[in-house]
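structure-v4.tsv follows (TSV, C-alpha atoms and all ligand atoms):
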```
chain	number	residue	atom	x	y	z
A	1	MET	CA	-21.32	-3.06	4.86
A	2	VAL	CA	-18.56	-3.49	7.47
A	3	PRO	CA	-20.05	-5.16	10.56
A	4	ASP	CA	-19.94	-3.02	13.73
A	5	THR	CA	-18.45	-6.00	15.50
A	6	LEU	CA	-15.19	-5.59	13.58
A	7	PRO	CA	-12.84	-3.75	15.93
A	8	LYS	CA	-11.28	-0.58	14.56
A	9	VAL	CA	-9.16	2.30	15.84
A	10	SER	CA	-9.07	5.68	14.18
A	11	LEU	CA	-5.52	6.44	13.03
A	12	GLY	CA	-5.79	8.45	9.82
A	13	HIS	CA	-7.41	11.47	8.18
A	14	PHE	CA	-10.23	10.30	5.93
A	15	PRO	CA	-11.54	10.85	3.33
A	16	THR	CA	-8.24	11.62	1.63
A	17	PRO	CA	-8.48	14.31	-1.07
A	18	LEU	CA	-9.34	13.53	-4.69
A	19	GLU	CA	-7.68	16.06	-6.98
A	20	GLU	CA	-7.40	16.53	-10.73
A	21	LEU	CA	-3.99	16.61	-12.43
A	22	THR	CA	-4.81	19.00	-15.26
A	23	ARG	CA	-1.24	20.03	-16.02
A	24	LEU	CA	-0.12	16.41	-16.30
A	25	SER	CA	-3.05	15.58	-18.61
A	26	ASP	CA	-2.17	18.58	-20.83
A	27	LEU	CA	1.50	17.59	-21.00
A	28	LEU	CA	0.57	14.07	-22.08
A	29	ASP	CA	-2.20	15.17	-24.41
A	30	GLY	CA	-3.92	12.41	-22.55
A	31	PRO	CA	-6.93	11.40	-20.50
A	32	ARG	CA	-8.34	13.31	-17.55
A	33	ILE	CA	-6.29	12.10	-14.58
A	34	PHE	CA	-7.39	12.34	-10.96
A	35	ILE	CA	-5.24	11.46	-7.97
A	36	LYS	CA	-6.42	9.90	-4.71
A	37	ARG	CA	-4.11	11.34	-2.07
A	38	ASP	CA	-3.53	8.52	0.41
A	39	ASP	CA	-0.08	10.05	0.84
A	40	LEU	CA	-2.02	12.57	2.96
A	41	SER	CA	-3.70	9.95	5.16
A	42	GLY	CA	-1.81	11.13	8.26
A	43	LEU	CA	0.12	9.00	10.77
A	44	ALA	CA	3.85	9.67	10.37
A	45	PHE	CA	3.94	10.81	6.71
A	46	GLY	CA	0.84	8.90	5.62
A	47	GLY	CA	0.39	6.14	3.06
A	48	ASN	CA	-1.94	3.27	2.27
A	49	LYS	CA	-1.08	1.18	5.33
A	50	VAL	CA	-3.04	3.45	7.67
A	51	ARG	CA	-6.29	2.09	6.24
A	52	LYS	CA	-5.22	-1.49	6.96
A	53	LEU	CA	-3.76	-0.68	10.37
A	54	GLU	CA	-7.02	0.85	11.61
A	55	TYR	CA	-8.50	-2.67	11.50
A	56	LEU	CA	-5.35	-4.62	12.36
A	57	VAL	CA	-4.58	-2.56	15.46
A	58	GLY	CA	-8.28	-2.68	16.40
A	59	ASP	CA	-8.01	-6.47	16.27
A	60	ALA	CA	-4.76	-6.43	18.27
A	61	LEU	CA	-6.30	-4.28	21.01
A	62	SER	CA	-9.41	-6.47	21.19
A	63	ARG	CA	-7.10	-9.44	21.80
A	64	ARG	CA	-5.28	-7.53	24.53
A	65	ALA	CA	-1.95	-7.58	22.72
A	66	ASP	CA	0.84	-5.43	24.15
A	67	THR	CA	3.21	-5.56	21.17
A	68	LEU	CA	2.81	-5.26	17.40
A	69	ILE	CA	5.30	-7.23	15.37
A	70	THR	CA	5.72	-7.09	11.62
A	71	ALA	CA	8.29	-7.39	8.85
A	72	GLY	CA	9.48	-5.71	5.69
A	73	ALA	CA	12.43	-4.35	3.77
A	74	VAL	CA	14.84	-1.99	5.52
A	75	GLN	CA	13.01	0.93	3.87
A	76	SER	CA	9.52	-0.49	4.48
A	77	ASN	CA	6.73	2.09	4.67
A	78	HIS	CA	4.53	-0.55	6.23
A	79	CYS	CA	6.99	-1.03	9.12
A	80	ARG	CA	7.24	2.74	9.68
A	81	GLN	CA	3.48	3.11	9.81
A	82	THR	CA	3.10	0.08	12.10
A	83	ALA	CA	5.67	1.60	14.47
A	84	ALA	CA	3.71	4.87	14.44
A	85	ALA	CA	0.39	3.08	15.05
A	86	ALA	CA	1.93	1.20	17.99
A	87	ALA	CA	3.26	4.42	19.53
A	88	ARG	CA	-0.10	6.10	19.06
A	89	CYS	CA	-1.92	3.24	20.81
A	90	GLY	CA	0.55	2.71	23.66
A	91	LEU	CA	1.83	-0.60	22.31
A	92	ALA	CA	5.41	-1.80	21.88
A	93	CYS	CA	6.62	-2.54	18.36
A	94	GLU	CA	9.23	-4.99	17.07
A	95	LEU	CA	10.22	-5.01	13.39
A	96	LEU	CA	11.96	-7.76	11.43
A	97	LEU	CA	13.84	-6.05	8.62
A	98	GLY	CA	15.32	-8.01	5.72
A	99	GLY	CA	18.99	-7.19	5.16
A	100	ASN	CA	21.90	-5.68	7.04
A	101	GLU	CA	21.75	-2.70	9.32
A	102	PRO	CA	23.19	0.32	7.50
A	103	GLU	CA	25.75	2.42	9.36
A	104	VAL	CA	23.60	5.53	9.09
A	105	PRO	CA	19.80	5.15	9.40
A	106	THR	CA	17.96	7.18	6.74
A	107	GLY	CA	14.40	7.52	5.41
A	108	ASN	CA	11.92	5.07	6.89
A	109	LEU	CA	14.57	3.34	9.01
A	110	LEU	CA	15.41	6.59	10.79
A	111	LEU	CA	11.70	7.09	11.44
A	112	ASP	CA	11.31	3.51	12.80
A	113	LYS	CA	13.98	4.33	15.38
A	114	MET	CA	12.47	7.72	16.20
A	115	LEU	CA	9.09	6.03	16.71
A	116	GLY	CA	10.67	3.73	19.29
A	117	ALA	CA	10.46	0.36	17.48
A	118	ALA	CA	12.87	-2.43	18.43
A	119	LEU	CA	14.64	-3.58	15.27
A	120	HIS	CA	15.88	-7.02	14.21
A	121	PHE	CA	17.91	-7.34	11.00
A	122	SER	CA	18.15	-10.62	9.16
A	123	ASP	CA	19.18	-11.88	5.75
A	124	ALA	CA	16.55	-14.62	6.05
A	125	GLY	CA	13.97	-12.65	4.02
A	126	ARG	CA	11.91	-9.48	4.08
A	127	LYS	CA	8.44	-11.00	3.90
A	128	GLY	CA	7.86	-12.07	7.48
A	129	GLU	CA	9.46	-15.52	7.22
A	130	ALA	CA	10.58	-15.36	10.89
A	131	LEU	CA	7.54	-13.63	12.42
A	132	GLU	CA	6.18	-16.77	14.13
A	133	GLY	CA	9.58	-17.40	15.73
A	134	LEU	CA	9.75	-13.84	17.03
A	135	ALA	CA	6.19	-14.12	18.38
A	136	ALA	CA	7.10	-17.37	20.20
A	137	SER	CA	10.16	-15.85	21.84
A	138	LEU	CA	8.20	-12.77	22.96
A	139	LYS	CA	5.46	-15.00	24.39
A	140	SER	CA	7.99	-17.03	26.36
A	141	ALA	CA	9.24	-13.74	27.81
A	142	GLY	CA	5.70	-13.01	29.06
A	143	ARG	CA	4.69	-10.59	26.31
A	144	SER	CA	1.51	-10.63	24.24
A	145	PRO	CA	2.53	-10.10	20.61
A	146	TYR	CA	0.16	-9.53	17.69
A	147	ILE	CA	1.46	-10.45	14.24
A	148	VAL	CA	0.69	-7.83	11.62
A	149	PRO	CA	1.32	-9.79	8.39
A	150	TYR	CA	3.76	-8.64	5.71
A	151	GLY	CA	2.32	-5.49	4.13
A	152	GLY	CA	-0.69	-5.67	6.46
A	153	SER	CA	-2.20	-7.90	3.78
A	154	ASN	CA	-4.67	-10.34	5.25
A	155	ALA	CA	-8.47	-10.29	5.44
A	156	VAL	CA	-8.54	-7.91	8.43
A	157	GLY	CA	-6.20	-5.38	6.81
A	158	GLY	CA	-7.85	-5.71	3.41
A	159	VAL	CA	-11.15	-4.47	4.84
A	160	GLY	CA	-9.57	-1.01	4.95
A	161	PHE	CA	-9.38	-0.98	1.16
A	162	VAL	CA	-12.95	-2.15	0.69
A	163	LEU	CA	-13.93	0.99	2.57
A	164	ALA	CA	-11.43	3.01	0.54
A	165	MET	CA	-13.26	2.04	-2.63
A	166	GLN	CA	-16.52	3.08	-1.04
A	167	GLU	CA	-14.90	6.39	-0.07
A	168	LEU	CA	-13.81	6.94	-3.68
A	169	ALA	CA	-17.27	6.03	-5.01
A	170	THR	CA	-18.82	8.66	-2.71
A	171	GLN	CA	-16.36	11.32	-3.93
A	172	LEU	CA	-16.94	10.45	-7.59
A	173	THR	CA	-20.69	10.74	-7.13
A	174	ALA	CA	-20.38	14.05	-5.25
A	175	HIS	CA	-18.16	15.54	-7.99
A	176	GLU	CA	-20.18	13.93	-10.82
A	177	ILE	CA	-17.11	12.24	-12.25
A	178	SER	CA	-17.30	8.90	-13.99
A	179	VAL	CA	-14.10	6.89	-13.97
A	180	ASP	CA	-13.00	4.20	-16.41
A	181	ARG	CA	-9.95	2.99	-14.57
A	182	VAL	CA	-8.07	3.14	-11.27
A	183	VAL	CA	-4.29	2.59	-11.39
A	184	PHE	CA	-2.26	1.71	-8.29
A	185	ALA	CA	0.85	-0.09	-7.01
A	186	SER	CA	0.25	-3.77	-6.24
A	187	SER	CA	2.78	-5.52	-4.03
A	188	SER	CA	1.67	-7.59	-1.02
A	189	GLY	CA	-1.95	-7.74	-2.24
A	190	GLY	CA	-4.12	-6.12	0.43
A	191	THR	CA	-4.68	-2.92	-1.52
A	192	HIS	CA	-5.48	-4.75	-4.77
A	193	ALA	CA	-7.73	-7.40	-3.22
A	194	GLY	CA	-9.54	-4.84	-1.04
A	195	LEU	CA	-10.18	-2.56	-4.03
A	196	VAL	CA	-11.57	-5.45	-6.09
A	197	VAL	CA	-13.94	-6.48	-3.30
A	198	GLY	CA	-14.86	-2.81	-2.78
A	199	GLY	CA	-15.43	-2.46	-6.52
A	200	ALA	CA	-17.87	-5.38	-6.45
A	201	VAL	CA	-19.68	-3.95	-3.43
A	202	THR	CA	-20.02	-0.45	-4.90
A	203	GLY	CA	-20.84	-1.62	-8.43
A	204	PHE	CA	-17.74	0.02	-9.91
A	205	ARG	CA	-17.75	-0.65	-13.64
A	206	GLY	CA	-14.25	0.53	-14.56
A	207	LYS	CA	-10.96	-1.36	-14.60
A	208	LEU	CA	-8.79	-1.77	-11.50
A	209	THR	CA	-5.25	-1.92	-12.86
A	210	GLY	CA	-2.55	-2.97	-10.40
A	211	ILE	CA	1.01	-2.25	-11.46
A	212	ARG	CA	3.20	-5.01	-10.05
A	213	ILE	CA	6.10	-3.74	-7.96
A	214	ASP	CA	7.90	-6.86	-6.79
A	215	LYS	CA	9.09	-9.71	-9.06
A	216	GLU	CA	9.33	-12.19	-6.22
A	217	ASP	CA	6.39	-14.30	-5.10
A	218	SER	CA	5.99	-15.14	-1.42
A	219	ARG	CA	7.02	-18.54	-0.06
A	220	ASN	CA	3.70	-20.31	-0.42
A	221	GLU	CA	1.91	-19.19	-3.55
A	222	SER	CA	2.27	-17.10	-6.68
A	223	TYR	CA	1.11	-13.50	-6.42
A	224	ARG	CA	-1.55	-14.12	-9.07
A	225	GLU	CA	-2.98	-16.93	-6.92
A	226	LEU	CA	-2.73	-14.93	-3.73
A	227	LEU	CA	-4.94	-12.04	-4.93
A	228	PRO	CA	-8.20	-14.01	-5.43
A	229	GLN	CA	-7.58	-15.99	-2.22
A	230	LEU	CA	-7.18	-12.78	-0.26
A	231	ALA	CA	-10.27	-11.23	-1.84
A	232	GLY	CA	-12.29	-14.34	-0.91
A	233	GLN	CA	-11.10	-14.08	2.70
A	234	ILE	CA	-11.94	-10.38	2.90
A	235	ALA	CA	-15.42	-11.02	1.46
A	236	GLU	CA	-15.99	-13.86	3.91
A	237	LEU	CA	-15.02	-11.66	6.86
A	238	LEU	CA	-17.52	-9.05	5.67
A	239	GLY	CA	-20.23	-11.61	4.99
A	240	ILE	CA	-20.28	-10.76	1.28
A	241	SER	CA	-21.23	-13.60	-1.03
A	242	GLY	CA	-19.64	-14.21	-4.41
A	243	THR	CA	-16.39	-15.60	-5.73
A	244	PHE	CA	-13.40	-13.61	-6.84
A	245	HIS	CA	-11.87	-15.44	-9.77
A	246	GLU	CA	-8.27	-14.78	-10.88
A	247	SER	CA	-9.62	-13.21	-14.08
A	248	LEU	CA	-11.05	-10.29	-12.04
A	249	PHE	CA	-7.56	-9.12	-11.17
A	250	GLU	CA	-5.81	-6.98	-13.72
A	251	LEU	CA	-2.12	-7.14	-12.85
A	252	ASN	CA	0.34	-5.43	-15.18
A	253	GLU	CA	3.84	-6.89	-14.83
A	254	GLU	CA	5.57	-4.87	-17.54
A	255	TYR	CA	7.08	-2.27	-15.25
A	256	VAL	CA	8.87	-4.31	-12.54
A	257	GLY	CA	12.20	-3.36	-14.12
A	258	GLU	CA	15.16	-4.60	-12.09
A	259	GLY	CA	12.94	-5.67	-9.22
A	260	TYR	CA	11.82	-4.51	-5.80
A	261	GLY	CA	13.36	-1.29	-4.53
A	262	ILE	CA	15.57	-0.68	-7.58
A	263	PRO	CA	14.34	2.42	-9.38
A	264	GLY	CA	15.42	2.90	-13.00
A	265	LYS	CA	14.99	5.44	-15.78
A	266	LEU	CA	11.19	5.03	-15.94
A	267	GLU	CA	10.66	5.69	-12.23
A	268	ARG	CA	13.04	8.65	-12.35
A	269	GLU	CA	11.11	10.19	-15.23
A	270	ALA	CA	7.73	9.58	-13.55
A	271	ILE	CA	8.84	11.07	-10.21
A	272	SER	CA	10.36	14.11	-11.89
A	273	LEU	CA	7.33	14.69	-14.14
A	274	LEU	CA	4.89	14.68	-11.22
A	275	ALA	CA	7.13	16.86	-9.08
A	276	ARG	CA	7.64	19.47	-11.80
A	277	SER	CA	4.19	19.50	-13.36
A	278	GLU	CA	2.01	19.15	-10.26
A	279	GLY	CA	4.21	19.70	-7.19
A	280	ILE	CA	3.41	16.18	-5.97
A	281	LEU	CA	6.10	13.85	-4.66
A	282	LEU	CA	5.96	10.15	-5.48
A	283	ASP	CA	8.29	7.51	-4.01
A	284	PRO	CA	11.09	5.47	-5.57
A	285	VAL	CA	9.73	1.99	-4.79
A	286	TYR	CA	5.94	1.95	-5.27
A	287	THR	CA	4.23	5.05	-6.61
A	288	GLY	CA	7.13	6.05	-8.91
A	289	ARG	CA	6.82	2.64	-10.57
A	290	ALA	CA	3.02	2.71	-10.63
A	291	MET	CA	3.08	6.17	-12.25
A	292	ALA	CA	5.69	4.94	-14.76
A	293	GLY	CA	3.14	2.23	-15.58
A	294	LEU	CA	0.33	4.75	-16.01
A	295	LEU	CA	2.50	6.95	-18.27
A	296	GLY	CA	3.56	3.91	-20.31
A	297	LEU	CA	-0.04	2.74	-20.79
A	298	ILE	CA	-1.11	6.24	-21.88
A	299	ARG	CA	1.81	6.65	-24.29
A	300	LYS	CA	1.24	3.35	-26.02
A	301	GLY	CA	-2.49	4.01	-26.33
A	302	THR	CA	-3.71	1.24	-24.01
A	303	ILE	CA	-5.31	4.07	-22.03
A	304	SER	CA	-6.94	6.38	-24.55
A	305	ALA	CA	-7.29	10.16	-24.30
A	306	THR	CA	-11.04	9.78	-23.78
A	307	GLU	CA	-10.70	7.72	-20.59
A	308	HIS	CA	-11.02	9.15	-17.09
A	309	VAL	CA	-8.37	7.70	-14.79
A	310	VAL	CA	-7.74	7.78	-11.04
A	311	PHE	CA	-4.14	7.27	-9.91
A	312	TRP	CA	-4.11	6.05	-6.31
A	313	HIS	CA	-1.16	7.70	-4.52
A	314	THR	CA	-0.35	5.13	-1.85
A	315	GLY	CA	2.40	7.15	-0.12
A	316	GLY	CA	6.03	6.22	0.54
A	317	SER	CA	7.75	9.62	0.33
A	318	PRO	CA	10.16	9.02	3.30
A	319	ALA	CA	12.08	6.55	1.10
A	320	LEU	CA	13.05	9.51	-1.14
A	321	PHE	CA	15.55	10.43	1.57
A	322	ALA	CA	17.21	7.02	1.56
A	323	TYR	CA	18.28	7.02	-2.11
A	324	PRO	CA	21.18	8.96	-3.67
A	325	PRO	CA	20.27	12.24	-5.44
A	326	GLU	CA	21.16	10.79	-8.86
A	327	SER	CA	18.16	8.45	-8.50
A	328	PHE	CA	15.94	11.49	-9.03
A	329	LEU	CA	17.95	14.30	-10.62
A	401	LIG	C1	3.87	3.37	-0.61
A	401	LIG	C2	3.27	2.04	-0.89
A	401	LIG	N1	2.46	1.91	-1.96
A	401	LIG	C3	1.91	0.72	-2.29
A	401	LIG	C4	2.16	-0.40	-1.53
A	401	LIG	C5	1.54	-1.69	-1.98
A	401	LIG	O1	0.42	-2.03	-1.25
A	401	LIG	P1	0.09	-3.56	-1.01
A	401	LIG	O2	1.24	-4.11	-0.24
A	401	LIG	O3	-1.18	-3.56	-0.29
A	401	LIG	O4	0.00	-4.24	-2.34
A	401	LIG	C6	2.98	-0.32	-0.41
A	401	LIG	C7	3.28	-1.52	0.39
A	401	LIG	O5	4.17	-1.56	1.20
A	401	LIG	C8	3.56	0.94	-0.08
A	401	LIG	O6	4.37	1.08	0.98
```

As structure tokens, how would this structure be written, given the file I've shared?
Amino acid sequence: MVPDTLPKVSLGHFPTPLEELTRLSDLLDGPRIFIKRDDLSGLAFGGNKVRKLEYLVGDALSRRADTLITAGAVQSNHCRQTAAAAARCGLACELLLGGNEPEVPTGNLLLDKMLGAALHFSDAGRKGEALEGLAASLKSAGRSPYIVPYGGSNAVGGVGFVLAMQELATQLTAHEISVDRVVFASSSGGTHAGLVVGGAVTGFRGKLTGIRIDKEDSRNESYRELLPQLAGQIAELLGISGTFHESLFELNEEYVGEGYGIPGKLEREAISLLARSEGILLDPVYTGRAMAGLLGLIRKGTISATEHVVFWHTGGSPALFAYPPESFL
């Protein structure tokens, strides 16, 4: 399905495990819940970005780039994984981080530094607003930069999640499990759009429910408009026909709370429940919120006890060490 001509580097450990959360299901008196462990995908504490970076870094190397540049929040998992991918492939890495430099680097920021990335802090935004400018200044200094877009979410990165859906379909068939719904964090769009294209390719009949993480749209379009556009671009790159209308994207916006990176009571409860019932650590920004969404949908009956659900654990645990203990205890 993915053309051999699409450059790729191997960076992660795939397939990631698919496990059943029996204790959580019992506690909720709820549906059977499975978890797709992309937190175990390897590359500097793992996470969903490894799948995207395998194609993005492949593209960068095929264009003879010597530097990866990307952007994100100060605690961006995407930036940490890009820095790790660069180190692994012998490339330099420059990160544009939105906000001020904290006195003491913690969590992902500490890891960015350990991985050797050059850091630029700016209040101008955390979604790659200044990436072109940084690329131009690196080029004029004789470097060959490759822009990895915010969240790794463009057609090239999204291909990783088309394959992820195929990987899940293979596991479900092997274990003879039928699934009614997959629930995951949806933020810059590559994961969501890739899963929807992958769902179409594999004939997945269940729902793909993205839990929105970030209230803010990007500069150019609303998030709801971005998802079908991105899916169309991914499909085009793969030579898949068909249109991806906005109605194909289930995006639940009920759990964004106080906004990006601000965990509240619901995230705290979700993180604690998973830790204590299953020994699995979620993160404060993405998977804690996505799990809060899953718990909420089960408790209000939107997801019934007869459904079979997969929760996609997209990683992010290093950010646990950047928040005060009272966020979790
Ligand atoms: C841990 C984690 N989960 C989920 C996401 C969301 O994925 P996407 O940006 O593809 O929507 C991110 C994005 O940074 C992330 O770091």

(message) To one decimal place in Å, what is the distance between atom CA of A:Pro325 and atom CA of A:Arg268?
(response)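 These two atoms are separated by 10.6 Å.
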
(request) Could you please extract the residues within 7 Å of ligand LIG 401 (chain A), counting all atoms listed in the file, and hand them back as a PyMOL selection string? (result) chain A and resi 47-49+76-78+151+153+185-192+283+286-287+314-316

(request) Would you mind telling me which residue in A:Ala319, A:Val256, A:Leu95, A:Leu238 lies nearest to A:Asp214 when using all atoms listed in the file? (result) A:Val256

(request) Quote the spacing between atom CA of A:Val148 and atom CA of A:Met1 in Å to one decimal place. (result) 23.5 Å

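For the choices A:Arg51, A:Arg224, A:Arg299, A:His120, the atom-to-atom distance to A:Gly158 is smallest for A:Arg51 when using all atoms listed in the file.
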
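The space between atom CA of A:Ile271 and atom CA of A:Phe14 spans 25.0 Å.
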